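All remarks here apply to the structure that follows.
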Amino acid sequence: RPTALLDNKDTDLEKLADVMTWNSQKKLVILINEGTASAAEVFASALHDNGRTVALVGTKTFGKGLIQHTFPMPDGGGLRLTVAEYLTPSLQHVTKVGSAKYDSGVKPDIRCEASGIPKNVGADLCVGVALDVLESEGG
């Protein structure tokens, strides 16, 4: 009981915070595919790189990690300029840039292809794979 621990003047609040955090963290499997793009790729990577996921399941993501701004031109056209790039927490590029050697997109730990969006979520092959992964991890 956390309240009982707080009543004790000798309670180590750091230990208490660690225990409460540990108990509140659930195992996660994240489904990704070519429709996962931009900040969603960074989000999935952040959870994965920081050990919060059991696995990324699906197919390689879109690979859109550039932030661009379009500047209007006097003739009605525009100039699109890349102003930033997303990197994963492990400093991996999300976007393939020119002839760079790295590949674009975030790769899943477990590859699984599903065709379209099923009417019944239980019929989705990748959801089934994700549930199997969670079950095998004791989650």
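Ordering of the structure tokens sets the chain letters (A, B, ...); residue numbers start at 1 within each chain; ligands are numbered from 1 in the order shown.
Neighbours of region 78-93 of chain A closer than or equal to 7 Å, with only C-alpha atoms counted and sequence neighbours fewer than 6 positions away skipped, come out as Val42, Ser45, Ala46, Asp49, Gly65, Leu66, Ile67, Gln68, His69, Thr70, Phe71 and Pro72 of chain A.
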Write down as a ChimeraX atom specification the residues of region 1-136 of chain A whose backbone DSSP state falls under helix (DSSP H, G or I). /A:2-7,13-24,39-49,121-123,125-136
Where does DSSP see strand (DSSP E or B) in region 25-131 of chain A, if you list the residues as a PyMOL selection string? chain A and resi 28-32+53-58+66-72+78-85+87+93+110-111
Include N, CA, C and O atoms and write out the residues we just selected as a short mmCIF file (atom, residue, chain, number, x, y, z; two decimals), in the first residue's frame.
data_model
loop_
_atom_site.label_atom_id
_atom_site.label_comp_id
_atom_site.auth_asym_id
_atom_site.auth_seq_id
_atom_site.Cartn_x
_atom_site.Cartn_y
_atom_site.Cartn_z
N LEU A 28 4.27 -3.55 -24.43
CA LEU A 28 3.62 -3.02 -25.62
C LEU A 28 4.13 -3.72 -26.88
O LEU A 28 5.32 -3.99 -26.99
N VAL A 29 3.24 -3.96 -27.79
CA VAL A 29 3.59 -4.35 -29.15
C VAL A 29 2.98 -3.27 -30.03
O VAL A 29 1.80 -2.94 -29.88
N ILE A 30 3.79 -2.69 -30.90
CA ILE A 30 3.29 -1.62 -31.76
C ILE A 30 3.19 -2.14 -33.18
O ILE A 30 4.14 -2.72 -33.71
N LEU A 31 2.03 -1.92 -33.78
CA LEU A 31 1.80 -2.29 -35.18
C LEU A 31 2.22 -1.13 -36.06
O LEU A 31 1.81 0.01 -35.83
N ILE A 32 3.07 -1.42 -37.05
CA ILE A 32 3.52 -0.40 -38.00
C ILE A 32 3.37 -0.93 -39.41
O ILE A 32 3.35 -2.15 -39.63
N THR A 53 8.94 -1.40 -25.66
CA THR A 53 8.15 -2.33 -26.47
C THR A 53 8.73 -3.73 -26.42
O THR A 53 9.93 -3.91 -26.23
N VAL A 54 7.85 -4.69 -26.58
CA VAL A 54 8.27 -6.07 -26.75
C VAL A 54 8.74 -6.23 -28.18
O VAL A 54 9.76 -6.85 -28.46
N ALA A 55 7.98 -5.62 -29.11
CA ALA A 55 8.33 -5.73 -30.53
C ALA A 55 7.55 -4.72 -31.36
O ALA A 55 6.48 -4.27 -30.97
N LEU A 56 8.13 -4.39 -32.51
CA LEU A 56 7.42 -3.67 -33.56
C LEU A 56 6.98 -4.74 -34.55
O LEU A 56 7.82 -5.53 -35.01
N VAL A 57 5.70 -4.80 -34.87
CA VAL A 57 5.17 -5.84 -35.75
C VAL A 57 4.54 -5.19 -36.97
O VAL A 57 3.81 -4.21 -36.86
N GLY A 58 4.84 -5.74 -38.14
CA GLY A 58 4.22 -5.25 -39.37
C GLY A 58 5.22 -5.17 -40.50
O GLY A 58 6.06 -6.05 -40.68
N LEU A 66 11.43 14.12 -42.89
CA LEU A 66 11.86 15.50 -43.17
C LEU A 66 10.75 16.48 -42.82
O LEU A 66 9.57 16.21 -43.01
N ILE A 67 11.15 17.63 -42.31
CA ILE A 67 10.21 18.70 -42.03
C ILE A 67 10.53 19.80 -43.04
O ILE A 67 11.66 20.28 -43.11
N GLN A 68 9.53 20.12 -43.84
CA GLN A 68 9.76 21.08 -44.92
C GLN A 68 8.85 22.29 -44.78
O GLN A 68 7.77 22.19 -44.21
N HIS A 69 9.33 23.39 -45.28
CA HIS A 69 8.55 24.63 -45.28
C HIS A 69 8.51 25.14 -46.73
O HIS A 69 9.52 25.13 -47.42
N THR A 70 7.34 25.54 -47.16
CA THR A 70 7.19 26.08 -48.50
C THR A 70 7.14 27.60 -48.43
O THR A 70 6.30 28.16 -47.73
N PHE A 71 8.04 28.21 -49.16
CA PHE A 71 8.09 29.68 -49.23
C PHE A 71 7.41 30.11 -50.53
O PHE A 71 7.80 29.66 -51.60
N PRO A 72 6.39 30.97 -50.43
CA PRO A 72 5.71 31.44 -51.65
C PRO A 72 6.64 32.33 -52.48
O PRO A 72 7.43 33.10 -51.93
N GLY A 78 6.33 28.20 -55.60
CA GLY A 78 6.82 28.06 -54.24
C GLY A 78 8.17 27.39 -54.20
O GLY A 78 8.56 26.68 -55.13
N LEU A 79 8.90 27.64 -53.16
CA LEU A 79 10.20 27.01 -52.94
C LEU A 79 10.08 26.17 -51.69
O LEU A 79 9.79 26.68 -50.61
N ARG A 80 10.24 24.85 -51.83
CA ARG A 80 10.16 23.96 -50.69
C ARG A 80 11.57 23.73 -50.16
O ARG A 80 12.46 23.29 -50.88
N LEU A 81 11.74 24.03 -48.88
CA LEU A 81 13.05 23.93 -48.25
C LEU A 81 12.95 22.99 -47.04
O LEU A 81 12.06 23.13 -46.22
N THR A 82 13.86 22.04 -46.97
CA THR A 82 13.92 21.16 -45.81
C THR A 82 14.56 21.92 -44.66
O THR A 82 15.68 22.42 -44.78
N VAL A 83 13.84 22.02 -43.54
CA VAL A 83 14.32 22.81 -42.41
C VAL A 83 14.73 21.95 -41.22
O VAL A 83 15.39 22.43 -40.31
N ALA A 84 14.35 20.68 -41.23
CA ALA A 84 14.72 19.79 -40.13
C ALA A 84 14.54 18.35 -40.56
O ALA A 84 13.92 18.06 -41.59
N GLU A 85 15.09 17.44 -39.75
CA GLU A 85 14.96 16.01 -40.03
C GLU A 85 14.74 15.27 -38.72
O GLU A 85 15.38 15.56 -37.71
N LEU A 87 15.17 12.18 -36.31
CA LEU A 87 16.05 11.06 -36.03
C LEU A 87 15.41 10.27 -34.90
O LEU A 87 14.72 10.84 -34.06
N HIS A 93 18.43 7.60 -38.99
CA HIS A 93 17.62 8.41 -39.91
C HIS A 93 16.32 7.68 -40.22
O HIS A 93 16.29 6.47 -40.33
N ILE A 110 9.31 -7.99 -36.12
CA ILE A 110 8.61 -9.17 -36.65
C ILE A 110 7.81 -8.72 -37.86
O ILE A 110 6.90 -7.89 -37.76
N ARG A 111 8.17 -9.26 -39.02
CA ARG A 111 7.50 -8.87 -40.26
C ARG A 111 6.17 -9.59 -40.37
O ARG A 111 6.07 -10.79 -40.16
#
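Closest to Glu135 (chain A) among A:Leu47, A:Gly122, A:Ala17, A:Lys27 is A:Lys27, based on only C-alpha atoms.
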I'd like to know which of A:Ala40, A:Cys112, A:Asn50, A:Lys26 is closest to Asp124 (chain A), using only C-alpha atoms. A:Cys112
Length of the CA of Lys107 (chain A) to CA of Val133 (chain A) vector [Å]: 16.8 Å
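In this structure, CA of Thr95 (chain A) sits 23.0 Å away from CA of Arg52 (chain A).
For the set A:Ala39, A:Leu13, A:Val129, A:Met73, the residue with the smallest atom-to-atom gap to Ala114 (chain A) is A:Val129, counting only C-alpha atoms.
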